[in-house]
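structure-v9.cif, holding mmCIF, C-alpha atoms:
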data_start
#
loop_
_atom_site.label_atom_id
_atom_site.label_comp_id
_atom_site.auth_asym_id
_atom_site.auth_seq_id
_atom_site.Cartn_x
_atom_site.Cartn_y
_atom_site.Cartn_z
CA GLN A 1 -70.82 4.51 -19.51
CA VAL A 2 -74.14 5.75 -20.91
CA VAL A 3 -74.62 9.53 -20.68
CA GLN A 4 -78.09 10.23 -19.34
CA PRO A 5 -80.06 13.22 -20.71
CA GLY A 6 -79.96 14.99 -17.35
CA SER A 7 -76.23 14.55 -16.77
CA ARG A 8 -73.90 17.54 -16.64
CA ALA A 9 -72.08 16.42 -19.80
CA ALA A 10 -75.20 15.87 -21.93
CA PRO A 11 -75.68 19.44 -23.26
CA LEU A 12 -71.99 19.71 -24.16
CA LEU A 13 -72.01 16.36 -25.95
CA GLU A 14 -75.09 17.42 -27.90
CA ALA A 15 -73.13 20.49 -28.99
CA ALA A 16 -70.25 18.23 -30.05
CA GLN A 17 -72.60 16.07 -32.09
CA HIS A 18 -74.04 19.19 -33.69
CA ALA A 19 -70.56 20.41 -34.66
CA LEU A 20 -69.69 17.03 -36.21
CA LEU A 21 -72.91 16.85 -38.24
CA CYS A 22 -72.69 20.44 -39.46
CA SER A 23 -69.04 20.15 -40.42
CA ARG A 24 -69.79 16.97 -42.39
CA GLU A 25 -72.55 18.78 -44.27
CA SER A 26 -70.27 21.74 -45.01
CA GLY A 27 -68.42 19.84 -47.71
CA ARG A 28 -65.12 21.29 -46.45
CA PRO A 29 -62.61 18.50 -45.75
CA SER A 30 -60.45 20.74 -43.57
CA LEU A 31 -63.43 21.64 -41.36
CA ILE A 32 -64.57 18.02 -41.12
CA SER A 33 -61.06 17.01 -40.11
CA TYR A 34 -60.84 19.81 -37.54
CA ALA A 35 -64.18 18.90 -35.96
CA CYS A 36 -63.24 15.23 -35.70
CA LYS A 37 -59.85 16.11 -34.22
CA VAL A 38 -61.38 18.44 -31.63
CA VAL A 39 -64.14 16.07 -30.52
CA ALA A 40 -62.01 12.91 -30.49
CA GLY A 41 -58.83 14.54 -29.21
CA THR A 42 -60.13 17.09 -26.70
CA THR A 43 -63.85 16.95 -25.93
CA LEU A 44 -64.36 13.24 -25.33
CA PRO A 45 -61.14 12.69 -23.32
CA ARG A 46 -61.99 15.69 -21.11
CA VAL A 47 -65.55 14.49 -20.54
CA LEU A 48 -64.28 11.03 -19.63
CA GLU A 49 -61.65 12.49 -17.33
CA LEU A 50 -64.06 14.74 -15.47
CA CYS A 51 -67.38 12.89 -15.65
CA HIS A 52 -66.82 9.12 -15.87
CA ASP A 53 -67.76 7.50 -12.57
CA GLY A 54 -64.86 5.09 -12.67
CA LEU A 55 -62.24 7.69 -13.64
CA SER A 56 -63.42 10.78 -11.77
CA GLN A 57 -61.30 10.29 -8.66
CA TYR A 58 -60.09 13.87 -8.26
CA GLU A 59 -60.61 16.61 -5.73
CA ALA A 60 -59.64 19.61 -7.81
CA VAL A 61 -59.47 20.88 -11.38
CA VAL A 62 -56.73 23.36 -12.32
CA VAL A 63 -57.52 25.62 -15.29
CA PRO A 64 -54.38 27.40 -16.57
CA TYR A 65 -54.68 30.40 -18.84
CA HIS A 66 -54.28 29.97 -22.56
CA ASP A 67 -52.46 32.61 -24.61
CA ASN A 68 -55.69 33.92 -26.05
CA GLY A 69 -58.23 36.64 -25.28
CA LEU A 70 -60.16 37.11 -22.07
CA CYS A 71 -63.44 35.64 -23.35
CA ALA A 72 -61.76 32.47 -24.65
CA ASN A 73 -60.16 31.95 -21.25
CA LEU A 74 -63.44 32.55 -19.46
CA LEU A 75 -65.13 29.94 -21.65
CA GLN A 76 -62.64 27.28 -20.59
CA VAL A 77 -63.35 28.09 -16.94
CA LEU A 78 -67.07 27.70 -17.63
CA ASP A 79 -66.39 24.33 -19.28
CA ALA A 80 -64.53 23.21 -16.16
CA LEU A 81 -67.32 24.40 -13.84
CA LEU A 82 -69.88 22.57 -15.96
CA LEU A 83 -68.04 19.24 -16.06
CA ALA A 84 -66.23 19.09 -12.73
CA ARG A 85 -67.67 17.02 -9.92
CA SER A 86 -69.76 19.12 -7.53
CA GLU A 87 -67.38 18.25 -4.69
CA ALA A 88 -64.30 19.40 -6.60
CA ILE A 89 -62.71 22.84 -6.42
CA VAL A 90 -61.86 24.59 -9.69
CA PHE A 91 -58.63 26.55 -9.39
CA VAL A 92 -58.02 29.19 -12.07
CA ASP A 93 -54.47 30.22 -12.92
CA TRP A 94 -54.61 33.55 -14.72
CA ARG A 95 -51.13 34.72 -13.73
CA ARG A 96 -49.26 35.55 -16.90
CA ARG A 97 -45.58 34.76 -17.14
CA GLY A 98 -44.58 37.40 -19.69
CA GLY A 99 -44.05 37.13 -23.43
CA GLU A 100 -47.65 36.22 -24.23
CA GLY A 101 -49.00 37.32 -27.59
CA HIS A 102 -52.63 37.74 -26.57
CA PHE A 103 -53.08 37.21 -22.83
CA GLN A 104 -51.55 40.54 -21.84
CA TYR A 105 -53.63 41.58 -18.84
CA GLY A 106 -51.45 43.15 -16.20
CA PRO A 107 -47.74 42.66 -15.55
CA PRO A 108 -46.17 39.18 -15.26
CA GLY A 109 -47.33 37.49 -12.09
CA PHE A 110 -50.49 39.59 -11.84
CA ASP A 111 -53.38 37.44 -10.56
CA LEU A 112 -56.12 38.49 -12.98
CA TRP A 113 -58.71 36.00 -11.74
CA ARG A 114 -58.49 37.17 -8.13
CA HIS A 115 -58.58 40.76 -9.39
CA LEU A 116 -61.80 40.25 -11.36
CA PHE A 117 -63.81 37.76 -9.28
CA GLU A 118 -64.77 37.24 -5.67
CA PRO A 119 -63.71 33.87 -4.18
CA TRP A 120 -66.38 31.21 -4.58
CA ASP A 121 -65.66 29.20 -1.49
CA GLN A 122 -65.12 25.47 -2.05
CA ARG A 123 -65.93 25.73 -5.75
CA CYS A 124 -63.88 28.26 -7.76
CA LEU A 125 -60.76 30.01 -6.50
CA SER A 126 -57.58 31.55 -7.78
CA ALA A 127 -54.77 29.05 -8.31
CA ALA A 128 -52.64 31.22 -6.05
CA VAL A 129 -54.70 29.70 -3.23
CA ALA A 130 -54.20 26.22 -4.68
CA ALA A 131 -50.47 26.23 -4.01
CA ASN A 132 -51.09 26.53 -0.27
CA LEU A 133 -53.91 24.00 -0.23
CA LEU A 134 -51.93 21.44 -2.20
CA GLU A 135 -49.14 21.70 0.32
CA GLU A 136 -51.30 21.68 3.41
CA SER A 137 -54.02 19.16 2.56
CA SER A 138 -53.94 15.72 1.03
CA THR A 139 -57.57 16.07 -0.06
CA VAL A 140 -56.74 18.19 -3.12
CA LYS A 141 -53.56 16.46 -4.25
CA ALA A 142 -55.51 14.39 -6.77
CA HIS A 143 -56.22 17.01 -9.39
CA VAL A 144 -56.90 17.30 -13.11
CA VAL A 145 -55.36 19.98 -15.31
CA ALA A 146 -57.95 21.19 -17.82
CA LYS A 147 -56.14 23.07 -20.58
CA GLY A 148 -58.13 24.87 -23.26
CA ARG A 149 -61.80 24.86 -24.14
CA THR A 150 -63.80 21.63 -24.15
CA ASN A 151 -66.99 22.58 -25.98
CA PRO A 152 -66.37 22.39 -29.76
CA ILE A 153 -68.77 25.23 -30.57
CA PHE A 154 -66.67 27.50 -28.36
CA MET A 155 -63.64 26.90 -30.60
CA ASN A 156 -62.48 29.10 -33.44
CA MET A 157 -63.44 27.20 -36.58
CA LEU A 158 -66.64 25.71 -35.12
CA ARG A 159 -68.11 28.59 -33.12
CA GLY A 160 -70.37 29.60 -36.01
CA TYR A 161 -72.38 26.46 -35.32
CA PHE A 162 -73.44 27.95 -32.00
CA TRP A 163 -75.87 30.14 -33.91
CA ASN A 164 -77.67 27.32 -35.72
CA PHE A 165 -77.82 25.01 -32.70
CA PRO A 166 -81.51 23.98 -32.42
CA GLY A 167 -83.41 26.22 -30.02
CA GLU A 168 -84.30 23.56 -27.46
CA ASN A 169 -80.71 22.32 -27.34
CA LEU A 170 -79.34 25.84 -27.14
CA HIS A 171 -81.65 26.62 -24.23
CA ALA A 172 -80.49 23.50 -22.39
CA LEU A 173 -76.85 24.37 -23.05
CA ARG A 174 -77.20 27.95 -21.84
CA HIS A 175 -79.15 26.83 -18.76
CA ALA A 176 -76.48 24.25 -17.92
CA TYR A 177 -73.69 26.83 -18.05
CA MET A 178 -75.77 29.34 -16.11
CA SER A 179 -76.47 26.81 -13.35
CA ALA A 180 -72.81 25.77 -13.22
CA SER A 181 -71.53 29.33 -12.85
CA MET A 182 -74.14 30.97 -10.63
CA GLY A 183 -71.64 31.41 -7.81
CA LEU A 184 -69.25 33.51 -9.89
CA GLN A 185 -69.44 37.11 -8.73
CA PRO A 186 -67.43 40.06 -10.05
CA ALA A 187 -65.22 41.72 -7.47
CA ALA A 188 -66.76 44.73 -5.72
CA HIS A 189 -64.26 47.17 -7.21
CA VAL A 190 -65.07 45.87 -10.70
CA MET A 191 -68.78 46.45 -10.17
CA ALA A 192 -68.00 49.92 -8.83
CA GLU A 193 -66.17 50.76 -12.06
CA VAL A 194 -69.09 49.41 -14.10
CA ASP A 195 -71.50 51.58 -12.11
CA LYS A 196 -69.35 54.65 -12.80
CA VAL A 197 -69.55 53.99 -16.53
CA CYS A 198 -73.29 53.34 -16.43
CA GLU A 199 -73.90 56.63 -14.61
CA THR A 200 -72.63 58.50 -17.69
CA TRP A 201 -75.18 56.92 -20.02
CA ASP A 202 -78.16 58.79 -21.34
CA GLY A 203 -81.17 57.58 -19.38
CA ARG A 204 -83.32 57.75 -22.50
CA THR A 205 -81.33 54.96 -24.16
CA ASP A 206 -81.40 51.26 -23.33
CA HIS A 207 -78.09 49.50 -22.86
CA ILE A 208 -77.19 45.85 -22.44
CA VAL A 209 -74.20 44.89 -20.27
#
Spit out the file's structure as structure tokens when you get a sec.
Amino acid sequence: QVVQPGSRAAPLLEAAQHALLCSRESGRPSLISYACKVVAGTTLPRVLELCHDGLSQYEAVVVPYHDNGLCANLLQVLDALLLARSEAIVFVDWRRRGGEGHFQYGPPGFDLWRHLFEPWDQRCLSAAVAANLLEESSTVKAHVVAKGRTNPIFMNMLRGYFWNFPGENLHALRHAYMSASMGLQPAAHVMAEVDKVCETWDGRTDHIV
């Protein structure tokens, strides 16, 4: 299947191509090998699974947490929102089990996603809701589990290439993720806490949040 320039996968695949080219020019065999492994082993299979017309017969995408930091986990949710069919629901499972080395937000079983974000009806919900829907409705039984990040320049050894991504491509990539995640809204109590912090700032100083 030919990926058209305006397709949802196009900006991500351009980033993958950029990572491959830059790693090849780095002269570092380990980095070249890592980039090839990531693109061939993770990025392309995930794009095919979520975007190929003949294979994309799913009604939901389940994104489990990875034992990593908060931002890394948020990036994999953004990847899923970008690539998932518009009719599919993205269910996020941020309920830690205990014993994690990095994902240590709240006690075991704490639903961090539902704590931080408002429900985005019919598009992005906590996986705690998914359990009930999967039992009650046959429409979401066909689902894909999207583990880890998909975009190579969001990954540890390749993320430096984000900063030398050509401006036009970077703009398209950022716009694609923005459009895919516009319905994500922080929970009201989270915004209230942010407002409390902002009230303490010196009004003469500019701050970026």
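Using only C-alpha atoms, the smallest distance between any of A:Glu87, A:Glu49, A:Asp93, A:Asp195 and Asn73 of chain A comes from A:Asp93.
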Which residues, written as JSON, numbers by chain, have at least one atom at most 9 Å from Met157 of chain A, with all atoms listed in the file counted and residues fewer than 2 positions away on the same chain left out? {"A": [31, 34, 35, 152, 153, 154, 155, 159, 160]}
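Summary of the local environment: counting only C-alpha atoms, residues at most 9 Å from segment 182-184 of chain A, other than itself and those fewer than 4 positions away along its chain, are Phe117, Glu118, Pro119, Trp120, Asp121, Arg123, Cys124, Tyr177 and Met178 of chain A.
Once the PyMOL selection byres ((chain A and resi 70) around 10) is applied to this file, the selection holds Tyr65, His66, Asp67, Asn68, Gly69, Cys71, Ala72, Asn73, Leu74, Leu75, Trp94, His102, Phe103, Gln104 and Tyr105 of chain A.
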So which residues touch Ala40 of chain A within 12 Å, counting all atoms listed in the file, skipping near sequence neighbours fewer than 2 positions away, as a PyMOL selection string? chain A and resi 13+16-17+20+33-38+42-48+150-152
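Going from atom CA of Gly98 of chain A over to atom CA of Ala142 of chain A, you cover 28.6 Å.
In this model, the gap between atom CA of Ser126 of chain A and atom CA of Leu173 of chain A comes to 25.6 Å.
For the residues A:Ala60, A:Leu158, A:Ala172, A:Ala146, ranking by smallest atom-to-atom distance to Gln122 of chain A using only C-alpha atoms places A:Ala60 first.
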Identify all residues satisfying the PyMOL selection byres ((chain A and resi 85) around 10) in the given file; provide them as a ChimeraX atom specification. /A:8,50-53,56-61,80-84,86-90,123
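Coordinates place atom CA of Val62 of chain A at a distance of 4.7 Å from atom CA of Val145 of chain A.
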Nearest to Val77 of chain A, restricted to only C-alpha atoms and choosing among A:Pro29, A:Pro64, A:Gly54, A:Pro108, comes out as A:Pro64
Given all atoms listed in the file as the basis, pick out the residue of A:Ala187, A:Ala192, A:Ala130, A:Ala15 nearest to Trp113 of chain A. A:Ala187
Place N, CA, C and O atoms on segment 35-51 of chain A and deliver the coordinates as a PDB file, in the coordinates of the input.
ATOM      1  N   ALA A  35     -63.128  19.273 -36.903  1.00  0.00           N
ATOM      2  CA  ALA A  35     -64.180  18.900 -35.960  1.00  0.00           C
ATOM      3  C   ALA A  35     -63.916  17.530 -35.354  1.00  0.00           C
ATOM      4  O   ALA A  35     -64.068  17.332 -34.140  1.00  0.00           O
ATOM      5  N   CYS A  36     -63.536  16.582 -36.194  1.00  0.00           N
ATOM      6  CA  CYS A  36     -63.240  15.230 -35.700  1.00  0.00           C
ATOM      7  C   CYS A  36     -62.056  15.249 -34.731  1.00  0.00           C
ATOM      8  O   CYS A  36     -62.081  14.590 -33.683  1.00  0.00           O
ATOM      9  N   LYS A  37     -61.037  16.024 -35.074  1.00  0.00           N
ATOM     10  CA  LYS A  37     -59.850  16.110 -34.220  1.00  0.00           C
ATOM     11  C   LYS A  37     -60.195  16.722 -32.869  1.00  0.00           C
ATOM     12  O   LYS A  37     -59.740  16.241 -31.817  1.00  0.00           O
ATOM     13  N   VAL A  38     -61.012  17.766 -32.877  1.00  0.00           N
ATOM     14  CA  VAL A  38     -61.380  18.440 -31.630  1.00  0.00           C
ATOM     15  C   VAL A  38     -62.219  17.520 -30.740  1.00  0.00           C
ATOM     16  O   VAL A  38     -61.939  17.371 -29.542  1.00  0.00           O
ATOM     17  N   VAL A  39     -63.244  16.900 -31.320  1.00  0.00           N
ATOM     18  CA  VAL A  39     -64.140  16.070 -30.520  1.00  0.00           C
ATOM     19  C   VAL A  39     -63.420  14.825 -30.006  1.00  0.00           C
ATOM     20  O   VAL A  39     -63.527  14.471 -28.821  1.00  0.00           O
ATOM     21  N   ALA A  40     -62.691  14.144 -30.885  1.00  0.00           N
ATOM     22  CA  ALA A  40     -62.010  12.910 -30.490  1.00  0.00           C
ATOM     23  C   ALA A  40     -60.775  13.173 -29.634  1.00  0.00           C
ATOM     24  O   ALA A  40     -60.435  12.371 -28.754  1.00  0.00           O
ATOM     25  N   GLY A  41     -60.095  14.286 -29.897  1.00  0.00           N
ATOM     26  CA  GLY A  41     -58.830  14.540 -29.210  1.00  0.00           C
ATOM     27  C   GLY A  41     -58.932  15.393 -27.966  1.00  0.00           C
ATOM     28  O   GLY A  41     -58.049  15.346 -27.100  1.00  0.00           O
ATOM     29  N   THR A  42     -59.999  16.188 -27.847  1.00  0.00           N
ATOM     30  CA  THR A  42     -60.130  17.090 -26.700  1.00  0.00           C
ATOM     31  C   THR A  42     -61.420  16.882 -25.929  1.00  0.00           C
ATOM     32  O   THR A  42     -61.401  16.625 -24.723  1.00  0.00           O
ATOM     33  N   THR A  43     -62.561  16.975 -26.633  1.00  0.00           N
ATOM     34  CA  THR A  43     -63.850  16.950 -25.930  1.00  0.00           C
ATOM     35  C   THR A  43     -64.104  15.632 -25.214  1.00  0.00           C
ATOM     36  O   THR A  43     -64.383  15.606 -24.011  1.00  0.00           O
ATOM     37  N   LEU A  44     -64.038  14.531 -25.937  1.00  0.00           N
ATOM     38  CA  LEU A  44     -64.360  13.240 -25.330  1.00  0.00           C
ATOM     39  C   LEU A  44     -63.372  12.850 -24.220  1.00  0.00           C
ATOM     40  O   LEU A  44     -63.805  12.399 -23.150  1.00  0.00           O
ATOM     41  N   PRO A  45     -62.052  13.011 -24.426  1.00  0.00           N
ATOM     42  CA  PRO A  45     -61.140  12.690 -23.320  1.00  0.00           C
ATOM     43  C   PRO A  45     -61.398  13.545 -22.075  1.00  0.00           C
ATOM     44  O   PRO A  45     -61.328  13.039 -20.953  1.00  0.00           O
ATOM     45  N   ARG A  46     -61.721  14.831 -22.258  1.00  0.00           N
ATOM     46  CA  ARG A  46     -61.990  15.690 -21.110  1.00  0.00           C
ATOM     47  C   ARG A  46     -63.264  15.283 -20.393  1.00  0.00           C
ATOM     48  O   ARG A  46     -63.321  15.262 -19.158  1.00  0.00           O
ATOM     49  N   VAL A  47     -64.308  14.939 -21.152  1.00  0.00           N
ATOM     50  CA  VAL A  47     -65.550  14.490 -20.540  1.00  0.00           C
ATOM     51  C   VAL A  47     -65.327  13.201 -19.756  1.00  0.00           C
ATOM     52  O   VAL A  47     -65.816  13.041 -18.634  1.00  0.00           O
ATOM     53  N   LEU A  48     -64.579  12.280 -20.336  1.00  0.00           N
ATOM     54  CA  LEU A  48     -64.280  11.030 -19.630  1.00  0.00           C
ATOM     55  C   LEU A  48     -63.481  11.308 -18.356  1.00  0.00           C
ATOM     56  O   LEU A  48     -63.751  10.736 -17.294  1.00  0.00           O
ATOM     57  N   GLU A  49     -62.516  12.189 -18.459  1.00  0.00           N
ATOM     58  CA  GLU A  49     -61.650  12.490 -17.330  1.00  0.00           C
ATOM     59  C   GLU A  49     -62.413  13.128 -16.174  1.00  0.00           C
ATOM     60  O   GLU A  49     -62.157  12.829 -15.007  1.00  0.00           O
ATOM     61  N   LEU A  50     -63.373  13.991 -16.507  1.00  0.00           N
ATOM     62  CA  LEU A  50     -64.060  14.740 -15.470  1.00  0.00           C
ATOM     63  C   LEU A  50     -65.396  14.133 -15.046  1.00  0.00           C
ATOM     64  O   LEU A  50     -65.866  14.408 -13.937  1.00  0.00           O
ATOM     65  N   CYS A  51     -66.007  13.329 -15.912  1.00  0.00           N
ATOM     66  CA  CYS A  51     -67.380  12.890 -15.650  1.00  0.00           C
ATOM     67  C   CYS A  51     -67.567  11.383 -15.472  1.00  0.00           C
ATOM     68  O   CYS A  51     -68.590  10.962 -14.926  1.00  0.00           O
TER      69      CYS A  51
END
